[in-house]
file query.pdb (PDB, N, CA and C atoms)
ATOM      1  N   MET A 268     -32.529 -25.439   0.307
ATOM      2  CA  MET A 268     -31.641 -24.345   0.633
ATOM      3  C   MET A 268     -30.518 -24.306  -0.391
ATOM      4  N   SER A 269     -30.292 -23.130  -0.964
ATOM      5  CA  SER A 269     -29.243 -23.006  -1.968
ATOM      6  C   SER A 269     -27.927 -22.623  -1.295
ATOM      7  N   PRO A 270     -26.809 -23.054  -1.896
ATOM      8  CA  PRO A 270     -25.497 -22.718  -1.312
ATOM      9  C   PRO A 270     -25.260 -21.212  -1.408
ATOM     10  N   PRO A 271     -24.466 -20.667  -0.479
ATOM     11  CA  PRO A 271     -24.181 -19.228  -0.528
ATOM     12  C   PRO A 271     -23.410 -18.865  -1.791
ATOM     13  N   SER A 272     -23.631 -17.677  -2.271
ATOM     14  CA  SER A 272     -22.891 -17.201  -3.437
ATOM     15  C   SER A 272     -21.444 -16.962  -3.043
ATOM     16  N   PRO A 273     -20.521 -17.275  -3.950
ATOM     17  CA  PRO A 273     -19.113 -17.014  -3.612
ATOM     18  C   PRO A 273     -18.884 -15.510  -3.482
ATOM     19  N   THR A 274     -17.971 -15.174  -2.584
ATOM     20  CA  THR A 274     -17.610 -13.771  -2.404
ATOM     21  C   THR A 274     -16.790 -13.341  -3.601
ATOM     22  N   PRO A 275     -17.200 -12.272  -4.288
ATOM     23  CA  PRO A 275     -16.431 -11.850  -5.465
ATOM     24  C   PRO A 275     -15.061 -11.310  -5.058
ATOM     25  N   THR A 276     -14.085 -11.552  -5.901
ATOM     26  CA  THR A 276     -12.748 -11.015  -5.683
ATOM     27  C   THR A 276     -12.764  -9.552  -6.121
ATOM     28  N   PRO A 277     -12.307  -8.650  -5.262
ATOM     29  CA  PRO A 277     -12.345  -7.242  -5.671
ATOM     30  C   PRO A 277     -11.399  -6.981  -6.833
ATOM     31  N   THR A 278     -11.772  -6.059  -7.675
ATOM     32  CA  THR A 278     -10.906  -5.632  -8.764
ATOM     33  C   THR A 278      -9.847  -4.717  -8.177
ATOM     34  N   LEU A 279      -8.607  -4.980  -8.478
ATOM     35  CA  LEU A 279      -7.509  -4.172  -7.960
ATOM     36  C   LEU A 279      -7.122  -3.112  -8.989
ATOM     37  N   CYS A 280      -6.808  -1.919  -8.523
ATOM     38  CA  CYS A 280      -6.456  -0.843  -9.442
ATOM     39  C   CYS A 280      -4.941  -0.677  -9.535
ATOM     40  N   ALA A 281      -4.490  -0.414 -10.738
ATOM     41  CA  ALA A 281      -3.070  -0.202 -10.979
ATOM     42  C   ALA A 281      -2.663   1.241 -10.743
ATOM     43  N   GLU A 282      -3.563   2.175 -11.051
ATOM     44  CA  GLU A 282      -3.226   3.588 -10.952
ATOM     45  C   GLU A 282      -4.157   4.291  -9.973
ATOM     46  N   PHE A 283      -3.611   5.247  -9.244
ATOM     47  CA  PHE A 283      -4.379   6.038  -8.300
ATOM     48  C   PHE A 283      -4.663   7.408  -8.903
ATOM     49  N   PRO A 284      -5.743   8.050  -8.473
ATOM     50  CA  PRO A 284      -5.980   9.425  -8.948
ATOM     51  C   PRO A 284      -4.802  10.318  -8.565
ATOM     52  N   PRO A 285      -4.480  11.283  -9.407
ATOM     53  CA  PRO A 285      -3.358  12.179  -9.086
ATOM     54  C   PRO A 285      -3.613  12.940  -7.781
ATOM     55  N   GLN A 286      -2.550  13.123  -7.028
ATOM     56  CA  GLN A 286      -2.629  13.915  -5.802
ATOM     57  C   GLN A 286      -1.285  14.578  -5.580
ATOM     58  N   PRO A 287      -1.266  15.707  -4.867
ATOM     59  CA  PRO A 287       0.018  16.366  -4.609
ATOM     60  C   PRO A 287       0.868  15.496  -3.690
ATOM     61  N   PRO A 288       2.187  15.671  -3.749
ATOM     62  CA  PRO A 288       3.050  14.890  -2.858
ATOM     63  C   PRO A 288       2.735  15.193  -1.397
ATOM     64  N   LEU A 289       2.777  14.166  -0.590
ATOM     65  CA  LEU A 289       2.537  14.318   0.845
ATOM     66  C   LEU A 289       3.870  14.506   1.560
ATOM     67  N   PRO A 290       3.926  15.342   2.602
ATOM     68  CA  PRO A 290       5.184  15.571   3.319
ATOM     69  C   PRO A 290       5.758  14.271   3.877
ATOM     70  N   GLY A 291       7.007  13.998   3.550
ATOM     71  CA  GLY A 291       7.687  12.815   4.064
ATOM     72  C   GLY A 291       7.393  11.529   3.311
ATOM     73  N   ASP A 292       6.578  11.603   2.252
ATOM     74  CA  ASP A 292       6.218  10.395   1.512
ATOM     75  C   ASP A 292       7.416   9.840   0.756
ATOM     76  N   VAL A 293       7.433   8.536   0.581
ATOM     77  CA  VAL A 293       8.499   7.838  -0.122
ATOM     78  C   VAL A 293       7.842   6.883  -1.117
ATOM     79  N   GLU A 294       8.316   6.899  -2.352
ATOM     80  CA  GLU A 294       7.797   5.996  -3.373
ATOM     81  C   GLU A 294       8.463   4.636  -3.247
ATOM     82  N   GLY A 295       7.715   3.602  -3.596
ATOM     83  CA  GLY A 295       8.248   2.246  -3.597
ATOM     84  C   GLY A 295       7.249   1.304  -4.232
ATOM     85  N   TRP A 296       7.509   0.016  -4.167
ATOM     86  CA  TRP A 296       6.618  -0.972  -4.786
ATOM     87  C   TRP A 296       5.200  -0.826  -4.278
ATOM     88  N   TRP A 297       5.041  -0.406  -3.014
ATOM     89  CA  TRP A 297       3.741  -0.305  -2.371
ATOM     90  C   TRP A 297       2.899   0.850  -2.909
ATOM     91  N   SER A 298       3.530   1.867  -3.483
ATOM     92  CA  SER A 298       2.794   3.053  -3.899
ATOM     93  C   SER A 298       2.836   3.293  -5.403
ATOM     94  N   SER A 299       3.748   2.668  -6.066
ATOM     95  CA  SER A 299       3.954   2.939  -7.481
ATOM     96  C   SER A 299       2.922   2.260  -8.367
ATOM     97  N   THR A 300       2.802   2.786  -9.555
ATOM     98  CA  THR A 300       1.986   2.153 -10.581
ATOM     99  C   THR A 300       2.771   0.965 -11.115
ATOM    100  N   PRO A 301       2.199  -0.239 -11.074
ATOM    101  CA  PRO A 301       2.926  -1.402 -11.608
ATOM    102  C   PRO A 301       3.196  -1.208 -13.101
ATOM    103  N   ALA A 302       4.429  -1.446 -13.511
ATOM    104  CA  ALA A 302       4.799  -1.255 -14.912
ATOM    105  C   ALA A 302       5.803  -2.317 -15.337
ATOM    106  N   ASP A 303       5.840  -2.556 -16.647
ATOM    107  CA  ASP A 303       6.827  -3.502 -17.172
ATOM    108  C   ASP A 303       8.138  -2.766 -17.411
ATOM    109  N   ALA A 304       9.123  -3.468 -17.950
ATOM    110  CA  ALA A 304      10.455  -2.890 -18.157
ATOM    111  C   ALA A 304      10.436  -1.697 -19.114
ATOM    112  N   ASP A 305       9.426  -1.620 -19.982
ATOM    113  CA  ASP A 305       9.319  -0.509 -20.929
ATOM    114  C   ASP A 305       8.487   0.648 -20.393
ATOM    115  N   GLY A 306       7.999   0.532 -19.146
ATOM    116  CA  GLY A 306       7.213   1.597 -18.550
ATOM    117  C   GLY A 306       5.716   1.524 -18.837
ATOM    118  N   ASN A 307       5.264   0.444 -19.460
ATOM    119  CA  ASN A 307       3.833   0.275 -19.728
ATOM    120  C   ASN A 307       3.122  -0.147 -18.448
ATOM    121  N   VAL A 308       2.009   0.510 -18.128
ATOM    122  CA  VAL A 308       1.254   0.188 -16.929
ATOM    123  C   VAL A 308       0.677  -1.224 -17.031
ATOM    124  N   LEU A 309       0.888  -2.006 -15.981
ATOM    125  CA  LEU A 309       0.338  -3.366 -15.915
ATOM    126  C   LEU A 309      -1.003  -3.286 -15.200
ATOM    127  N   THR A 310      -2.077  -3.297 -15.941
ATOM    128  CA  THR A 310      -3.403  -3.156 -15.349
ATOM    129  C   THR A 310      -3.959  -4.466 -14.836
ATOM    130  N   ASP A 311      -3.459  -5.586 -15.324
ATOM    131  CA  ASP A 311      -3.942  -6.897 -14.889
ATOM    132  C   ASP A 311      -3.141  -7.346 -13.668
ATOM    133  N   PRO A 312      -3.799  -7.482 -12.506
ATOM    134  CA  PRO A 312      -3.074  -7.899 -11.299
ATOM    135  C   PRO A 312      -2.328  -9.221 -11.458
ATOM    136  N   ALA A 313      -2.739 -10.074 -12.380
ATOM    137  CA  ALA A 313      -2.022 -11.333 -12.606
ATOM    138  C   ALA A 313      -0.594 -11.069 -13.084
ATOM    139  N   ASP A 314      -0.354  -9.903 -13.668
ATOM    140  CA  ASP A 314       0.982  -9.557 -14.168
ATOM    141  C   ASP A 314       1.830  -8.816 -13.137
ATOM    142  N   TRP A 315       1.254  -8.445 -12.008
ATOM    143  CA  TRP A 315       1.966  -7.688 -10.983
ATOM    144  C   TRP A 315       2.916  -8.591 -10.204
ATOM    145  N   PRO A 316       3.926  -7.999  -9.561
ATOM    146  CA  PRO A 316       4.754  -8.782  -8.642
ATOM    147  C   PRO A 316       3.866  -9.348  -7.523
ATOM    148  N   ALA A 317       4.197 -10.531  -7.058
ATOM    149  CA  ALA A 317       3.389 -11.214  -6.032
ATOM    150  C   ALA A 317       3.200 -10.343  -4.786
ATOM    151  N   GLN A 318       4.222  -9.637  -4.368
ATOM    152  CA  GLN A 318       4.143  -8.823  -3.150
ATOM    153  C   GLN A 318       3.023  -7.783  -3.247
ATOM    154  N   LEU A 319       2.854  -7.208  -4.411
ATOM    155  CA  LEU A 319       1.813  -6.204  -4.617
ATOM    156  C   LEU A 319       0.420  -6.832  -4.560
ATOM    157  N   ARG A 320       0.263  -8.011  -5.125
ATOM    158  CA  ARG A 320      -1.034  -8.718  -5.068
ATOM    159  C   ARG A 320      -1.338  -9.190  -3.657
ATOM    160  N   GLU A 321      -0.317  -9.625  -2.933
ATOM    161  CA  GLU A 321      -0.516 -10.158  -1.580
ATOM    162  C   GLU A 321      -0.803  -9.066  -0.553
ATOM    163  N   HIS A 322      -0.389  -7.839  -0.843
ATOM    164  CA  HIS A 322      -0.568  -6.720   0.088
ATOM    165  C   HIS A 322      -1.176  -5.529  -0.658
ATOM    166  N   PRO A 323      -2.461  -5.614  -1.024
ATOM    167  CA  PRO A 323      -3.069  -4.529  -1.800
ATOM    168  C   PRO A 323      -3.368  -3.276  -0.975
ATOM    169  N   ARG A 324      -3.337  -3.393   0.352
ATOM    170  CA  ARG A 324      -3.601  -2.234   1.230
ATOM    171  C   ARG A 324      -2.388  -2.030   2.115
ATOM    172  N   THR A 325      -1.691  -0.901   1.899
ATOM    173  CA  THR A 325      -0.469  -0.632   2.647
ATOM    174  C   THR A 325      -0.478   0.788   3.201
ATOM    175  N   ALA A 326       0.362   1.000   4.205
ATOM    176  CA  ALA A 326       0.509   2.332   4.792
ATOM    177  C   ALA A 326       1.977   2.565   5.119
ATOM    178  N   LEU A 327       2.413   3.796   4.940
ATOM    179  CA  LEU A 327       3.757   4.219   5.293
ATOM    180  C   LEU A 327       3.652   5.009   6.589
ATOM    181  N   VAL A 328       4.368   4.571   7.622
ATOM    182  CA  VAL A 328       4.230   5.142   8.958
ATOM    183  C   VAL A 328       5.610   5.514   9.503
ATOM    184  N   ASP A 329       5.686   6.654  10.165
ATOM    185  CA  ASP A 329       6.888   7.051  10.888
ATOM    186  C   ASP A 329       6.855   6.287  12.213
ATOM    187  N   ALA A 330       7.742   5.324  12.373
ATOM    188  CA  ALA A 330       7.708   4.442  13.546
ATOM    189  C   ALA A 330       7.992   5.202  14.842
ATOM    190  N   ALA A 331       8.787   6.251  14.779
ATOM    191  CA  ALA A 331       9.124   6.993  15.999
ATOM    192  C   ALA A 331       7.934   7.772  16.546
ATOM    193  N   THR A 332       7.083   8.283  15.657
ATOM    194  CA  THR A 332       5.968   9.128  16.089
ATOM    195  C   THR A 332       4.604   8.463  15.947
ATOM    196  N   GLY A 333       4.531   7.406  15.132
ATOM    197  CA  GLY A 333       3.241   6.768  14.858
ATOM    198  C   GLY A 333       2.423   7.513  13.821
ATOM    199  N   ARG A 334       3.005   8.561  13.212
ATOM    200  CA  ARG A 334       2.279   9.341  12.202
ATOM    201  C   ARG A 334       2.154   8.556  10.902
ATOM    202  N   VAL A 335       0.936   8.491  10.377
ATOM    203  CA  VAL A 335       0.706   7.867   9.076
ATOM    204  C   VAL A 335       1.103   8.895   8.018
ATOM    205  N   VAL A 336       2.134   8.567   7.254
ATOM    206  CA  VAL A 336       2.627   9.462   6.211
ATOM    207  C   VAL A 336       1.711   9.377   4.995
ATOM    208  N   SER A 337       1.374   8.163   4.584
ATOM    209  CA  SER A 337       0.487   7.953   3.444
ATOM    210  C   SER A 337      -0.047   6.530   3.509
ATOM    211  N   SER A 338      -1.080   6.298   2.719
ATOM    212  CA  SER A 338      -1.648   4.954   2.641
ATOM    213  C   SER A 338      -2.193   4.731   1.245
ATOM    214  N   TRP A 339      -2.313   3.459   0.850
ATOM    215  CA  TRP A 339      -2.783   3.094  -0.478
ATOM    216  C   TRP A 339      -3.680   1.885  -0.367
ATOM    217  N   ASP A 340      -4.813   1.962  -1.033
ATOM    218  CA  ASP A 340      -5.752   0.848  -1.063
ATOM    219  C   ASP A 340      -6.055   0.535  -2.519
ATOM    220  N   ARG A 341      -5.485  -0.540  -3.022
ATOM    221  CA  ARG A 341      -5.688  -0.910  -4.421
ATOM    222  C   ARG A 341      -7.075  -1.486  -4.670
ATOM    223  N   ARG A 342      -7.850  -1.705  -3.628
ATOM    224  CA  ARG A 342      -9.231  -2.176  -3.811
ATOM    225  C   ARG A 342     -10.186  -1.015  -4.056
ATOM    226  N   THR A 343      -9.898   0.139  -3.458
ATOM    227  CA  THR A 343     -10.761   1.312  -3.627
ATOM    228  C   THR A 343     -10.094   2.399  -4.460
ATOM    229  N   CYS A 344      -8.847   2.177  -4.852
ATOM    230  CA  CYS A 344      -8.078   3.136  -5.668
ATOM    231  C   CYS A 344      -7.893   4.470  -4.956
ATOM    232  N   GLY A 345      -7.631   4.428  -3.677
ATOM    233  CA  GLY A 345      -7.422   5.659  -2.923
ATOM    234  C   GLY A 345      -6.713   5.395  -1.615
ATOM    235  N   GLN A 346      -6.738   6.392  -0.759
ATOM    236  CA  GLN A 346      -6.111   6.273   0.553
ATOM    237  C   GLN A 346      -7.002   5.478   1.501
ATOM    238  N   ILE A 347      -6.467   5.165   2.663
ATOM    239  CA  ILE A 347      -7.208   4.450   3.710
ATOM    240  C   ILE A 347      -7.437   5.469   4.829
ATOM    241  N   PRO A 348      -8.549   6.175   4.789
ATOM    242  CA  PRO A 348      -8.749   7.292   5.720
ATOM    243  C   PRO A 348      -8.813   6.900   7.194
ATOM    244  N   ASP A 349      -9.223   5.694   7.508
ATOM    245  CA  ASP A 349      -9.384   5.299   8.908
ATOM    246  C   ASP A 349      -8.239   4.432   9.427
ATOM    247  N   PHE A 350      -7.127   4.355   8.698
ATOM    248  CA  PHE A 350      -6.026   3.484   9.117
ATOM    249  C   PHE A 350      -5.379   4.011  10.392
ATOM    250  N   ARG A 351      -5.175   3.121  11.333
ATOM    251  CA  ARG A 351      -4.464   3.428  12.577
ATOM    252  C   ARG A 351      -3.334   2.403  12.714
ATOM    253  N   PRO A 352      -2.090   2.871  12.847
ATOM    254  CA  PRO A 352      -0.980   1.922  12.963
ATOM    255  C   PRO A 352      -1.054   1.152  14.274
ATOM    256  N   PRO A 353      -0.511  -0.055  14.280
ATOM    257  CA  PRO A 353      -0.491  -0.827  15.520
ATOM    258  C   PRO A 353       0.448  -0.191  16.531
ATOM    259  N   SER A 354       0.197  -0.437  17.791
ATOM    260  CA  SER A 354       1.097   0.066  18.826
ATOM    261  C   SER A 354       2.378  -0.767  18.821
ATOM    262  N   GLY A 355       3.404  -0.235  19.412
ATOM    263  CA  GLY A 355       4.652  -0.976  19.534
ATOM    264  C   GLY A 355       5.678  -0.666  18.465
ATOM    265  N   LEU A 356       5.361   0.209  17.515
ATOM    266  CA  LEU A 356       6.368   0.592  16.527
ATOM    267  C   LEU A 356       7.374   1.516  17.202
ATOM    268  N   SER A 357       8.625   1.392  16.829
ATOM    269  CA  SER A 357       9.643   2.269  17.399
ATOM    270  C   SER A 357      10.831   2.338  16.466
ATOM    271  N   GLY A 358      11.701   3.246  16.756
ATOM    272  CA  GLY A 358      12.919   3.391  15.972
ATOM    273  C   GLY A 358      12.834   4.573  15.038
ATOM    274  N   ASN A 359      13.978   5.013  14.599
ATOM    275  CA  ASN A 359      14.091   6.162  13.708
ATOM    276  C   ASN A 359      13.978   5.672  12.265
ATOM    277  N   GLN A 360      12.773   5.227  11.901
ATOM    278  CA  GLN A 360      12.577   4.638  10.581
ATOM    279  C   GLN A 360      11.154   4.842  10.085
ATOM    280  N   LEU A 361      11.022   4.743   8.768
ATOM    281  CA  LEU A 361       9.707   4.664   8.147
ATOM    282  C   LEU A 361       9.446   3.191   7.906
ATOM    283  N   VAL A 362       8.223   2.763   8.157
ATOM    284  CA  VAL A 362       7.876   1.366   7.926
ATOM    285  C   VAL A 362       6.691   1.287   6.979
ATOM    286  N   VAL A 363       6.740   0.320   6.085
ATOM    287  CA  VAL A 363       5.615   0.011   5.215
ATOM    288  C   VAL A 363       4.880  -1.125   5.898
ATOM    289  N   LEU A 364       3.599  -0.892   6.189
ATOM    290  CA  LEU A 364       2.792  -1.887   6.890
ATOM    291  C   LEU A 364       1.715  -2.449   5.975
ATOM    292  N   ASP A 365       1.402  -3.716   6.149
ATOM    293  CA  ASP A 365       0.188  -4.263   5.557
ATOM    294  C   ASP A 365      -0.949  -3.670   6.384
ATOM    295  N   ALA A 366      -1.847  -2.941   5.743
ATOM    296  CA  ALA A 366      -2.886  -2.217   6.468
ATOM    297  C   ALA A 366      -3.901  -3.137   7.131
ATOM    298  N   ASP A 367      -3.987  -4.377   6.698
ATOM    299  CA  ASP A 367      -4.947  -5.304   7.291
ATOM    300  C   ASP A 367      -4.366  -6.094   8.455
ATOM    301  N   SER A 368      -3.121  -6.538   8.304
ATOM    302  CA  SER A 368      -2.515  -7.364   9.358
ATOM    303  C   SER A 368      -1.617  -6.559  10.293
ATOM    304  N   GLY A 369      -1.137  -5.407   9.847
ATOM    305  CA  GLY A 369      -0.193  -4.618  10.641
ATOM    306  C   GLY A 369       1.241  -5.095  10.502
ATOM    307  N   ALA A 370       1.485  -6.121   9.683
ATOM    308  CA  ALA A 370       2.828  -6.668   9.507
ATOM    309  C   ALA A 370       3.736  -5.641   8.834
ATOM    310  N   VAL A 371       4.979  -5.558   9.315
ATOM    311  CA  VAL A 371       5.978  -4.685   8.703
ATOM    312  C   VAL A 371       6.497  -5.395   7.454
ATOM    313  N   LEU A 372       6.336  -4.734   6.302
ATOM    314  CA  LEU A 372       6.748  -5.300   5.032
ATOM    315  C   LEU A 372       8.115  -4.796   4.592
ATOM    316  N   GLU A 373       8.446  -3.597   5.035
ATOM    317  CA  GLU A 373       9.718  -2.981   4.660
ATOM    318  C   GLU A 373       9.994  -1.840   5.633
ATOM    319  N   SER A 374      11.254  -1.502   5.806
ATOM    320  CA  SER A 374      11.598  -0.356   6.638
ATOM    321  C   SER A 374      12.787   0.372   6.030
ATOM    322  N   MET A 375      12.875   1.655   6.337
ATOM    323  CA  MET A 375      13.982   2.458   5.853
ATOM    324  C   MET A 375      14.295   3.535   6.876
ATOM    325  N   PRO A 376      15.572   3.899   6.998
ATOM    326  CA  PRO A 376      15.941   4.915   8.007
ATOM    327  C   PRO A 376      15.347   6.274   7.646
ATOM    328  N   VAL A 377      15.096   7.084   8.679
ATOM    329  CA  VAL A 377      14.596   8.441   8.512
ATOM    330  C   VAL A 377      15.749   9.394   8.744
ATOM    331  N   GLN A 378      15.916  10.352   7.842
ATOM    332  CA  GLN A 378      16.913  11.405   8.007
ATOM    333  C   GLN A 378      16.238  12.559   8.747
ATOM    334  N   ARG A 379      16.621  12.825   9.963
ATOM    335  CA  ARG A 379      16.008  13.916  10.743
ATOM    336  C   ARG A 379      16.965  15.055  10.893
TER     337      ARG A 379
END

call {"tool": "encode", "arguments": {"input": "query.pdb", "output": "structure tokens"}}
result
Amino acid sequence: MSPPSPTPTPTLCAEFPPQPPLPGDVEGWWSSTPADADGNVLTDPADWPAQLREHPRTALVDAATGRVVSSWDRRTCGQIPDFRPPSGLSGNQLVVLDADSGAVLESMPVQR
């Protein structure tokens, strides 16, 4: 019996296909193209900030309504069409969630 093949590490994408701005979307480390101080795109995930490598799938959610504002999947280079936020979110804020664990990574107040 041969040992199982190792699971390949997915290639992470630095840039997403262009899309129009989504209503209520906010740019941040979770959605931006990784770049160096001169604005050059960092295509090698080894050069990215650790937070971006540790959380390649994120979603921006309105905590008061549970509405998914936007999502990013650096493994597929697109949105996460089936993402559902965890229950229990509340407050007048937008939250950045790890799409796999549901952990809140960042929050910001919402101007209503």

call {"tool": "resolve_selection", "arguments": {"input": "query.pdb", "expression": "the PyMOL selection byres ((chain A and resi 298) around 8)", "output": "count of residues only"}}
result
13

call {"tool": "atom_distance", "arguments": {"input": "query.pdb", "atom1": "atom CA of A:Ala331", "atom2": "atom CA of A:Pro352"}}
result
11.7 Å

call {"tool": "resolve_selection", "arguments": {"input": "query.pdb", "expression": "the PyMOL selection byres (((chain A and resi 329 and name CA) around 9) and name CA)", "output": "list in words"}}
result
Gly291, Leu327, Val328, Ala330, Ala331, Thr332, Gly333, Arg334, Val335, Val336, Leu356, Ser357, Gly358, Asn359, Gln360, Leu361, Val362 and Val377 of chain A

call {"tool": "select_by_dssp", "arguments": {"input": "query.pdb", "residues": "chain A", "states": "strand (DSSP E)", "output": "count of residues only"}}
result
24

call {"tool": "closest_residue", "arguments": {"input": "query.pdb", "among": "A:Trp315, A:Arg320, A:Pro348, A:Ser337", "to": "A:Asp292", "atoms": "only C-alpha atoms"}}
result
A:Ser337

call {"tool": "atom_distance", "arguments": {"input": "query.pdb", "atom1": "atom N of A:Asn307", "atom2": "atom N of A:Glu321"}}
result
20.1 Å

call {"tool": "build_atoms", "arguments": {"input": "query.pdb", "residues": "stretch 297-305 of chain A", "atoms": "all heavy atoms", "output": "JSON list (two decimals), in the coordinates of the input"}}
result
[["chain", "number", "residue", "atom", "x", "y", "z"],
["A", 297, "TRP", "N", 5.04, -0.41, -3.01],
["A", 297, "TRP", "CA", 3.74, -0.30, -2.37],
["A", 297, "TRP", "C", 2.90, 0.85, -2.91],
["A", 297, "TRP", "O", 1.70, 0.85, -2.77],
["A", 297, "TRP", "CB", 3.92, -0.14, -0.86],
["A", 297, "TRP", "CG", 4.78, 1.05, -0.53],
["A", 297, "TRP", "CD1", 4.34, 2.34, -0.34],
["A", 297, "TRP", "CD2", 6.18, 1.09, -0.40],
["A", 297, "TRP", "NE1", 5.41, 3.18, -0.09],
["A", 297, "TRP", "CE2", 6.56, 2.43, -0.12],
["A", 297, "TRP", "CE3", 7.18, 0.13, -0.48],
["A", 297, "TRP", "CZ2", 7.88, 2.82, 0.06],
["A", 297, "TRP", "CZ3", 8.50, 0.52, -0.30],
["A", 297, "TRP", "CH2", 8.83, 1.85, -0.03],
["A", 298, "SER", "N", 3.53, 1.87, -3.48],
["A", 298, "SER", "CA", 2.79, 3.05, -3.90],
["A", 298, "SER", "C", 2.84, 3.29, -5.40],
["A", 298, "SER", "O", 2.05, 4.06, -5.92],
["A", 298, "SER", "CB", 3.36, 4.28, -3.19],
["A", 298, "SER", "OG", 4.72, 4.46, -3.53],
["A", 299, "SER", "N", 3.75, 2.67, -6.07],
["A", 299, "SER", "CA", 3.95, 2.94, -7.48],
["A", 299, "SER", "C", 2.92, 2.26, -8.37],
["A", 299, "SER", "O", 2.29, 1.28, -7.98],
["A", 299, "SER", "CB", 5.34, 2.45, -7.91],
["A", 299, "SER", "OG", 6.34, 3.11, -7.19],
["A", 300, "THR", "N", 2.80, 2.79, -9.56],
["A", 300, "THR", "CA", 1.99, 2.15, -10.58],
["A", 300, "THR", "C", 2.77, 0.96, -11.12],
["A", 300, "THR", "O", 3.91, 1.13, -11.56],
["A", 300, "THR", "CB", 1.71, 3.16, -11.72],
["A", 300, "THR", "OG1", 1.00, 4.27, -11.18],
["A", 300, "THR", "CG2", 0.90, 2.52, -12.82],
["A", 301, "PRO", "N", 2.20, -0.24, -11.07],
["A", 301, "PRO", "CA", 2.93, -1.40, -11.61],
["A", 301, "PRO", "C", 3.20, -1.21, -13.10],
["A", 301, "PRO", "O", 2.30, -0.83, -13.85],
["A", 301, "PRO", "CB", 1.97, -2.58, -11.38],
["A", 301, "PRO", "CG", 0.88, -2.06, -10.51],
["A", 301, "PRO", "CD", 0.88, -0.59, -10.59],
["A", 302, "ALA", "N", 4.43, -1.45, -13.51],
["A", 302, "ALA", "CA", 4.80, -1.25, -14.91],
["A", 302, "ALA", "C", 5.80, -2.32, -15.34],
["A", 302, "ALA", "O", 6.51, -2.89, -14.50],
["A", 302, "ALA", "CB", 5.39, 0.14, -15.11],
["A", 303, "ASP", "N", 5.84, -2.56, -16.65],
["A", 303, "ASP", "CA", 6.83, -3.50, -17.17],
["A", 303, "ASP", "C", 8.14, -2.77, -17.41],
["A", 303, "ASP", "O", 8.27, -1.57, -17.12],
["A", 303, "ASP", "CB", 6.30, -4.20, -18.43],
["A", 303, "ASP", "CG", 6.07, -3.25, -19.60],
["A", 303, "ASP", "OD1", 6.59, -2.11, -19.60],
["A", 303, "ASP", "OD2", 5.35, -3.66, -20.54],
["A", 304, "ALA", "N", 9.12, -3.47, -17.95],
["A", 304, "ALA", "CA", 10.46, -2.89, -18.16],
["A", 304, "ALA", "C", 10.44, -1.70, -19.11],
["A", 304, "ALA", "O", 11.32, -0.84, -19.06],
["A", 304, "ALA", "CB", 11.40, -3.96, -18.68],
["A", 305, "ASP", "N", 9.43, -1.62, -19.98],
["A", 305, "ASP", "CA", 9.32, -0.51, -20.93],
["A", 305, "ASP", "C", 8.49, 0.65, -20.39],
["A", 305, "ASP", "O", 8.24, 1.62, -21.10],
["A", 305, "ASP", "CB", 8.71, -1.00, -22.24],
["A", 305, "ASP", "CG", 9.61, -2.00, -22.95],
["A", 305, "ASP", "OD1", 10.85, -1.84, -22.89],
["A", 305, "ASP", "OD2", 9.08, -2.96, -23.54]]
